[in-house]
Structures are given as C-alpha cells and as structure tokens.
Amino acid sequence: MSPLAATAVGLLLVASPALAFGKREPAKAEAPPPAQSQAQAQAQAPAPRKATAEERARVARLDPLSRAAFWTNETHIDPTDAEAGVQMALALRQMGNYPQAVEAANQVLAVHPKDVEAMLELARTHIARGQGFYAIEPARTAQALSPRDWRIPSLLGIAYEQASRFEEARAAHEQALALAPHNATALSNYALFRAGRGETSQAEAMLRQAAALPDATIAVRQNLALVLGLQGRMAEAERLARQDLPPQEVENNLAWLRAATLPASSAAGRSWESLRQP
C-alpha cells in the first residue's frame with residue numbers, strides 16, 4: 001500500500017470512529033463447496049468389471065434375449081472384446097434380429113479383421129435370413145485363414161445352395177465330410193442338400209448315420225423326420241418328431257409336411273427351400 005493510501009485510511013478511522021468501533025455487520029456464511037460434477041463422480045466410481053470365464057459359461061444356458069442383454073453389457077465395458085461381440089451377434093441371430101446381428105459381427109471385424117468366429121457368425125446370419133450369397137465372401141475369407149475347419153465348407157455348402165450354385169455346394173459339403181467324416185452336423189447338412197436335389201434315399205441313409213453319432217443334436221433327428229415325411233412316411237416321421245418336440249410344434253411340422261407332399265397343383269407355394277427357412 002502506498003504512503004498516501006495508508007494516510008487516507010488513517011484519517012478515515014480518526015474522523016469516523018463509529019466506523020472503527022461501531023456495530024459490525026455479521027460475517028457472511030461461507031458458501032458450501034460446489035457440488036461434485038458428474039464427470040468427477042464417474043471418475044471416482046470403480047470401473048465396471050468384465051464377467052469372469054465362469055460367469056460367461058453360465059450365460060450360455062440362458063435364453064437368447066437374456067444372453068443378448070448380457071453380451072451387450074460386456075461390449076459396453078470393452079468394445080474390443082471379440083468373444084462378447086460374436087456372442088452378442090449369435091444371440092441376436094437366434095432372436096431373428098438379423099440386421100443387428102450383422103452389425104455386431106461387423107463391429108468385431110472392424111477391430112479384429114482376421115477373427116474367424118466373427119466371419120462365421122456373419123455368414124450364419126446371412127444364411128439364416130435366406131441370403132446365402134452374402135455369406136460366401138466372409139466364409140471363403142475364413143476358410144483361407146482356417147483351411148482345416150470343417151464348419152466352414154459345411155456353411156459354404158448351404159450358402160452356395162441358397163445362391164443356386166449347386167455344383168459348388170456339393171463340392172463344399174464333400175470337402176466338409178472329408179475333414180470330419182463322422183461329424184453329425186456335417187453329415188446332416190449334406191443330407192439336406194441331397195434331399196433337396198431329389199436324392200431322398202441317400203439323404204435318409206446319411207441322416208440315420210448322423211442320428212446314431214454321439215454328437216447328434218435334436219436338429220439332426222428332426223432333419224431325419226423331415227426327410228421321412230417328404231417321402232410320405234408320416235407315421236415314422238411323427239414318432240421321431242415327438243421324441244424331441246412339444247405337441248403343438250409337432251402338429252405344426254406335420255401340417256407343413258402334409259402340405260409339402262401334396263400333388264403340385266394342391267401345394268402351391270410349397271418348396272423344399274420354404275421348409276428349410278427359419
């Protein structure tokens with residue numbers, strides 16, 4: 001403070017003693033500290049935890065909607081998690097939400113361009129919605145990366161069939177069986193292709209072989225029921241169907257088969273492909 005300013009203050013105090021000794025104004029209360037910002041709160045909160053391997057394994061037993069919610073949360077925690085992205089795409093496909101399933105698989109491939117599982121899930125989704133042509137490119141890319149994986153030519157066989165490239169489809173199915181001659185799914189996929197080409201007796205033999213294998217699924221047995229029904233052997237087809245399916249679903253399948261085996265003039269709109277579409 002300058003001498004002039006100090007003198008002025010001293011004069012003020014002497015001339016106005018009331019100002020110096022009179023009643024003072026109450027001190028103002030201190031303002032509370034500013035509220036913590038949302039960003040600060042989030043920064044201090046513990047980071048979200050990814051599920052453990054055991055937790056992820058348990059989720060596999062849940063329905064598709066629950067699995068989609070779980071894996072969506074996992075991808076939010078870690079957008080680079082390839083397993084979470086592929087599993088989310090799988091659950092969305094099983095729910096019939098094909099556009100989002102394609103998007104989920106493509107998001108994995110944007111980060112992991114050589115992820116074979118993401119390529120296969122992308123191919124399966126295109127096949128599931130009946131657009132096998134678009135499954136060919138990702139499946140062939142996966143095959144170049146994993147040439148000994150039987151799943152890839154088996155998927156390619158279905159994709160080629162949907163694209164009406166039947167000779168390539170047959171070759172792909174035979175390649176899958178050469179890689180995994182005792183695999184129930186590879187046998188079943190090739191059998192359905194042969195049934196679609198009118199080779200029902202050969203398809204039946206392959207499906208019976210597949211159904212007897214330890215890794216045979218419900219789908220394999222139901223494919224056998226389908227081929228038996230297409231041959232007009234409805235009683236045998238019904239017995240097989242009732243082993244695995246609830247009554248209402250069996251009745252729906254049998255009605256479908258009866259329509260498919262009617263004379264062409266009575267079964268307008270029915271075809272092998274219409275039976276195979278989800």
# chains A, B, ... in the order shown; residues from 1 in each chain; ligands from 1
>>> residues_around(residues="His126 of chain A", least_positions_apart="6", cutoff="8 Å", atoms="only C-alpha atoms", output="list in words")
Tyr98, Val102, Gly132, Phe133, Tyr134 and Ala135 of chain A
>>> residues_around(residues="Leu90 of chain A", least_positions_apart="6", cutoff="10 Å", atoms="only C-alpha atoms", output="list in words")
Pro64, Arg67, Ala68, Trp71, Ala84, Gly96, Asn97, Tyr98, Ala101, Val102, Ala104, Ala105, Ala118, Glu121, Leu122, Arg124 and Thr125 of chain A
>>> write_last_selection(atoms="all heavy atoms", output="short mmCIF file (atom, residue, chain, number, x, y, z; two decimals), in the first residue's frame")
data_model
loop_
_atom_site.label_atom_id
_atom_site.label_comp_id
_atom_site.auth_asym_id
_atom_site.auth_seq_id
_atom_site.Cartn_x
_atom_site.Cartn_y
_atom_site.Cartn_z
N PRO A 64 -32.03 -66.60 -25.58
CA PRO A 64 -31.33 -65.62 -26.42
C PRO A 64 -31.48 -64.17 -25.96
O PRO A 64 -30.53 -63.40 -26.02
CB PRO A 64 -31.96 -65.84 -27.80
CG PRO A 64 -32.40 -67.26 -27.80
CD PRO A 64 -32.85 -67.53 -26.39
N ARG A 67 -29.19 -63.61 -23.04
CA ARG A 67 -27.80 -63.62 -23.50
C ARG A 67 -27.45 -62.34 -24.27
O ARG A 67 -26.36 -61.80 -24.13
CB ARG A 67 -27.54 -64.85 -24.36
CG ARG A 67 -27.41 -66.12 -23.53
CD ARG A 67 -26.98 -67.31 -24.36
NE ARG A 67 -28.07 -67.86 -25.14
CZ ARG A 67 -28.13 -67.85 -26.46
NH1 ARG A 67 -27.17 -67.31 -27.18
NH2 ARG A 67 -29.16 -68.39 -27.09
N ALA A 68 -28.40 -61.86 -25.08
CA ALA A 68 -28.15 -60.63 -25.82
C ALA A 68 -27.91 -59.46 -24.87
O ALA A 68 -27.00 -58.64 -25.07
CB ALA A 68 -29.32 -60.33 -26.75
N TRP A 71 -24.35 -59.93 -23.17
CA TRP A 71 -23.21 -59.68 -24.03
C TRP A 71 -23.17 -58.24 -24.52
O TRP A 71 -22.08 -57.69 -24.76
CB TRP A 71 -23.20 -60.65 -25.20
CG TRP A 71 -22.91 -62.05 -24.77
CD1 TRP A 71 -23.74 -63.13 -24.81
CD2 TRP A 71 -21.67 -62.55 -24.23
NE1 TRP A 71 -23.12 -64.24 -24.31
CE2 TRP A 71 -21.85 -63.92 -23.96
CE3 TRP A 71 -20.44 -61.96 -23.96
CZ2 TRP A 71 -20.83 -64.71 -23.42
CZ3 TRP A 71 -19.42 -62.74 -23.42
CH2 TRP A 71 -19.63 -64.10 -23.17
N ALA A 84 -17.26 -61.28 -26.77
CA ALA A 84 -18.53 -60.64 -26.42
C ALA A 84 -19.28 -60.22 -27.68
O ALA A 84 -20.50 -60.41 -27.79
CB ALA A 84 -18.29 -59.44 -25.52
N GLY A 96 -33.80 -63.69 -34.25
CA GLY A 96 -34.34 -63.26 -35.53
C GLY A 96 -34.05 -61.81 -35.85
O GLY A 96 -34.57 -61.27 -36.83
N ASN A 97 -33.19 -61.18 -35.06
CA ASN A 97 -32.84 -59.77 -35.29
C ASN A 97 -31.60 -59.74 -36.18
O ASN A 97 -30.48 -59.43 -35.73
CB ASN A 97 -32.57 -59.07 -33.95
CG ASN A 97 -32.54 -57.57 -34.09
OD1 ASN A 97 -32.32 -57.04 -35.17
ND2 ASN A 97 -32.76 -56.88 -32.98
N TYR A 98 -31.79 -60.03 -37.46
CA TYR A 98 -30.66 -60.21 -38.37
C TYR A 98 -29.88 -58.93 -38.65
O TYR A 98 -28.64 -58.97 -38.68
CB TYR A 98 -31.14 -60.84 -39.67
CG TYR A 98 -31.84 -62.17 -39.46
CD1 TYR A 98 -33.07 -62.45 -40.04
CD2 TYR A 98 -31.26 -63.15 -38.65
CE1 TYR A 98 -33.71 -63.66 -39.84
CE2 TYR A 98 -31.90 -64.36 -38.42
CZ TYR A 98 -33.12 -64.62 -39.03
OH TYR A 98 -33.75 -65.81 -38.82
N ALA A 101 -27.61 -58.34 -35.78
CA ALA A 101 -26.61 -59.41 -35.70
C ALA A 101 -25.49 -59.17 -36.71
O ALA A 101 -24.30 -59.34 -36.38
CB ALA A 101 -27.28 -60.76 -35.96
N VAL A 102 -25.84 -58.77 -37.91
CA VAL A 102 -24.83 -58.43 -38.92
C VAL A 102 -23.96 -57.28 -38.44
O VAL A 102 -22.73 -57.30 -38.55
CB VAL A 102 -25.51 -58.09 -40.27
CG1 VAL A 102 -24.51 -57.45 -41.24
CG2 VAL A 102 -26.11 -59.34 -40.89
N ALA A 104 -23.34 -56.37 -35.34
CA ALA A 104 -22.48 -56.79 -34.24
C ALA A 104 -21.26 -57.56 -34.76
O ALA A 104 -20.13 -57.34 -34.29
CB ALA A 104 -23.27 -57.65 -33.26
N ALA A 105 -21.48 -58.47 -35.71
CA ALA A 105 -20.36 -59.23 -36.27
C ALA A 105 -19.40 -58.31 -37.02
O ALA A 105 -18.17 -58.45 -36.91
CB ALA A 105 -20.88 -60.32 -37.20
N ALA A 118 -16.01 -64.43 -35.92
CA ALA A 118 -16.87 -63.32 -36.35
C ALA A 118 -17.29 -63.50 -37.80
O ALA A 118 -18.44 -63.23 -38.18
CB ALA A 118 -16.17 -61.99 -36.15
N GLU A 121 -19.98 -66.21 -37.89
CA GLU A 121 -21.26 -65.73 -37.39
C GLU A 121 -21.93 -64.80 -38.40
O GLU A 121 -23.16 -64.83 -38.56
CB GLU A 121 -21.08 -65.03 -36.04
CG GLU A 121 -22.38 -64.73 -35.32
CD GLU A 121 -23.28 -65.94 -35.20
OE1 GLU A 121 -22.80 -67.04 -34.84
OE2 GLU A 121 -24.49 -65.80 -35.48
N LEU A 122 -21.15 -64.00 -39.07
CA LEU A 122 -21.69 -63.14 -40.13
C LEU A 122 -22.28 -64.00 -41.25
O LEU A 122 -23.39 -63.73 -41.74
CB LEU A 122 -20.59 -62.23 -40.67
CG LEU A 122 -20.98 -61.27 -41.79
CD1 LEU A 122 -22.08 -60.32 -41.34
CD2 LEU A 122 -19.75 -60.48 -42.25
N ARG A 124 -23.39 -67.14 -40.99
CA ARG A 124 -24.59 -67.82 -40.49
C ARG A 124 -25.80 -66.89 -40.49
O ARG A 124 -26.92 -67.32 -40.78
CB ARG A 124 -24.34 -68.32 -39.06
CG ARG A 124 -23.34 -69.46 -38.95
CD ARG A 124 -23.31 -70.01 -37.53
NE ARG A 124 -22.19 -70.91 -37.33
CZ ARG A 124 -21.06 -70.59 -36.71
NH1 ARG A 124 -20.92 -69.37 -36.20
NH2 ARG A 124 -20.09 -71.47 -36.56
N THR A 125 -25.58 -65.63 -40.16
CA THR A 125 -26.70 -64.69 -40.13
C THR A 125 -27.27 -64.47 -41.53
O THR A 125 -28.49 -64.45 -41.72
CB THR A 125 -26.26 -63.35 -39.51
OG1 THR A 125 -25.78 -63.59 -38.19
CG2 THR A 125 -27.42 -62.38 -39.43
#
>>> closest_residue(among="A:Gln131, A:Thr141, A:Gln243, A:Gln100", to="Pro113 of chain A", atoms="only C-alpha atoms")
A:Thr141
>>> closest_residue(among="A:Ala235, A:Leu226, A:Val220, A:Ala123", to="Asn253 of chain A", atoms="only C-alpha atoms")
A:Leu226
>>> atom_distance(atom1="atom CA of Ala255 of chain A", atom2="atom CA of Ala212 of chain A")
26.7 Å
>>> residues_around(residues="His173 of chain A", least_positions_apart="6", cutoff="7 Å", atoms="only C-alpha atoms", output="mmCIF file with N, CA, C and O atoms, in the first residue's frame")
data_model
loop_
_atom_site.group_PDB
_atom_site.id
_atom_site.type_symbol
_atom_site.label_atom_id
_atom_site.label_comp_id
_atom_site.auth_asym_id
_atom_site.auth_seq_id
_atom_site.Cartn_x
_atom_site.Cartn_y
_atom_site.Cartn_z
ATOM 1 N N PRO A 153 -16.483 -75.171 -44.856
ATOM 2 C CA PRO A 153 -17.077 -75.690 -46.095
ATOM 3 C C PRO A 153 -18.517 -76.157 -45.917
ATOM 4 O O PRO A 153 -19.317 -76.089 -46.855
ATOM 5 N N SER A 154 -18.886 -76.608 -44.708
ATOM 6 C CA SER A 154 -20.279 -77.000 -44.480
ATOM 7 C C SER A 154 -21.201 -75.791 -44.590
ATOM 8 O O SER A 154 -22.278 -75.860 -45.200
ATOM 9 N N GLY A 157 -21.424 -74.794 -48.220
ATOM 10 C CA GLY A 157 -22.348 -75.635 -48.970
ATOM 11 C C GLY A 157 -23.770 -75.085 -48.918
ATOM 12 O O GLY A 157 -24.483 -75.048 -49.933
ATOM 13 N N TYR A 190 -25.126 -82.068 -45.444
ATOM 14 C CA TYR A 190 -25.005 -82.644 -46.783
ATOM 15 C C TYR A 190 -26.253 -83.455 -47.125
ATOM 16 O O TYR A 190 -26.742 -83.436 -48.259
#
>>> residues_around(residues="Lys50 of chain A", least_positions_apart="6", cutoff="12 Å", atoms="only C-alpha atoms", output="list of chain:residue names")
A:Arg56, A:Phe70, A:Trp71, A:Thr72, A:Asn73, A:Glu74, A:Thr75, A:His76, A:Ile77, A:Asp78, A:Pro79, A:Asp81, A:Glu83, A:Ala84
>>> decode(residues="segment 65-115 of chain A", atoms="C-alpha atoms", output="PDB file, in the first residue's frame")
ATOM      1  CA  LEU A  65     -32.871 -62.418 -25.034  1.00  0.00           C
ATOM      2  CA  SER A  66     -31.028 -62.761 -21.717  1.00  0.00           C
ATOM      3  CA  ARG A  67     -27.795 -63.622 -23.498  1.00  0.00           C
ATOM      4  CA  ALA A  68     -28.147 -60.625 -25.818  1.00  0.00           C
ATOM      5  CA  ALA A  69     -28.538 -58.302 -22.805  1.00  0.00           C
ATOM      6  CA  PHE A  70     -25.532 -59.854 -21.030  1.00  0.00           C
ATOM      7  CA  TRP A  71     -23.211 -59.683 -24.032  1.00  0.00           C
ATOM      8  CA  THR A  72     -24.340 -56.169 -24.935  1.00  0.00           C
ATOM      9  CA  ASN A  73     -23.252 -55.054 -21.471  1.00  0.00           C
ATOM     10  CA  GLU A  74     -19.907 -56.814 -21.933  1.00  0.00           C
ATOM     11  CA  THR A  75     -19.307 -54.983 -25.214  1.00  0.00           C
ATOM     12  CA  HIS A  76     -20.100 -51.672 -23.494  1.00  0.00           C
ATOM     13  CA  ILE A  77     -17.442 -52.421 -20.877  1.00  0.00           C
ATOM     14  CA  ASP A  78     -14.904 -53.412 -23.545  1.00  0.00           C
ATOM     15  CA  PRO A  79     -15.799 -52.637 -27.185  1.00  0.00           C
ATOM     16  CA  THR A  80     -12.712 -54.568 -28.333  1.00  0.00           C
ATOM     17  CA  ASP A  81     -13.849 -57.847 -26.701  1.00  0.00           C
ATOM     18  CA  ALA A  82     -14.184 -60.187 -29.697  1.00  0.00           C
ATOM     19  CA  GLU A  83     -15.867 -63.004 -27.770  1.00  0.00           C
ATOM     20  CA  ALA A  84     -18.531 -60.645 -26.423  1.00  0.00           C
ATOM     21  CA  GLY A  85     -19.220 -59.235 -29.883  1.00  0.00           C
ATOM     22  CA  VAL A  86     -19.537 -62.651 -31.512  1.00  0.00           C
ATOM     23  CA  GLN A  87     -21.775 -63.975 -28.749  1.00  0.00           C
ATOM     24  CA  MET A  88     -23.980 -60.897 -28.970  1.00  0.00           C
ATOM     25  CA  ALA A  89     -24.315 -61.455 -32.735  1.00  0.00           C
ATOM     26  CA  LEU A  90     -25.223 -65.112 -32.110  1.00  0.00           C
ATOM     27  CA  ALA A  91     -27.946 -64.222 -29.601  1.00  0.00           C
ATOM     28  CA  LEU A  92     -29.379 -61.557 -31.904  1.00  0.00           C
ATOM     29  CA  ARG A  93     -29.434 -64.027 -34.796  1.00  0.00           C
ATOM     30  CA  GLN A  94     -31.261 -66.599 -32.680  1.00  0.00           C
ATOM     31  CA  MET A  95     -33.825 -63.910 -31.823  1.00  0.00           C
ATOM     32  CA  GLY A  96     -34.336 -63.259 -35.535  1.00  0.00           C
ATOM     33  CA  ASN A  97     -32.837 -59.769 -35.290  1.00  0.00           C
ATOM     34  CA  TYR A  98     -30.661 -60.205 -38.371  1.00  0.00           C
ATOM     35  CA  PRO A  99     -29.708 -56.566 -39.143  1.00  0.00           C
ATOM     36  CA  GLN A 100     -28.327 -56.006 -35.636  1.00  0.00           C
ATOM     37  CA  ALA A 101     -26.609 -59.415 -35.704  1.00  0.00           C
ATOM     38  CA  VAL A 102     -24.830 -58.435 -38.925  1.00  0.00           C
ATOM     39  CA  GLU A 103     -23.855 -55.105 -37.369  1.00  0.00           C
ATOM     40  CA  ALA A 104     -22.478 -56.791 -34.243  1.00  0.00           C
ATOM     41  CA  ALA A 105     -20.357 -59.227 -36.269  1.00  0.00           C
ATOM     42  CA  ASN A 106     -19.072 -56.432 -38.489  1.00  0.00           C
ATOM     43  CA  GLN A 107     -18.110 -54.373 -35.435  1.00  0.00           C
ATOM     44  CA  VAL A 108     -15.912 -57.246 -34.253  1.00  0.00           C
ATOM     45  CA  LEU A 109     -14.314 -57.490 -37.689  1.00  0.00           C
ATOM     46  CA  ALA A 110     -13.636 -53.749 -37.738  1.00  0.00           C
ATOM     47  CA  VAL A 111     -11.375 -54.241 -34.702  1.00  0.00           C
ATOM     48  CA  HIS A 112     -10.248 -57.822 -35.411  1.00  0.00           C
ATOM     49  CA  PRO A 113     -10.289 -58.206 -39.221  1.00  0.00           C
ATOM     50  CA  LYS A 114      -8.960 -61.781 -39.079  1.00  0.00           C
ATOM     51  CA  ASP A 115     -11.366 -63.130 -36.452  1.00  0.00           C
TER      52      ASP A 115
END
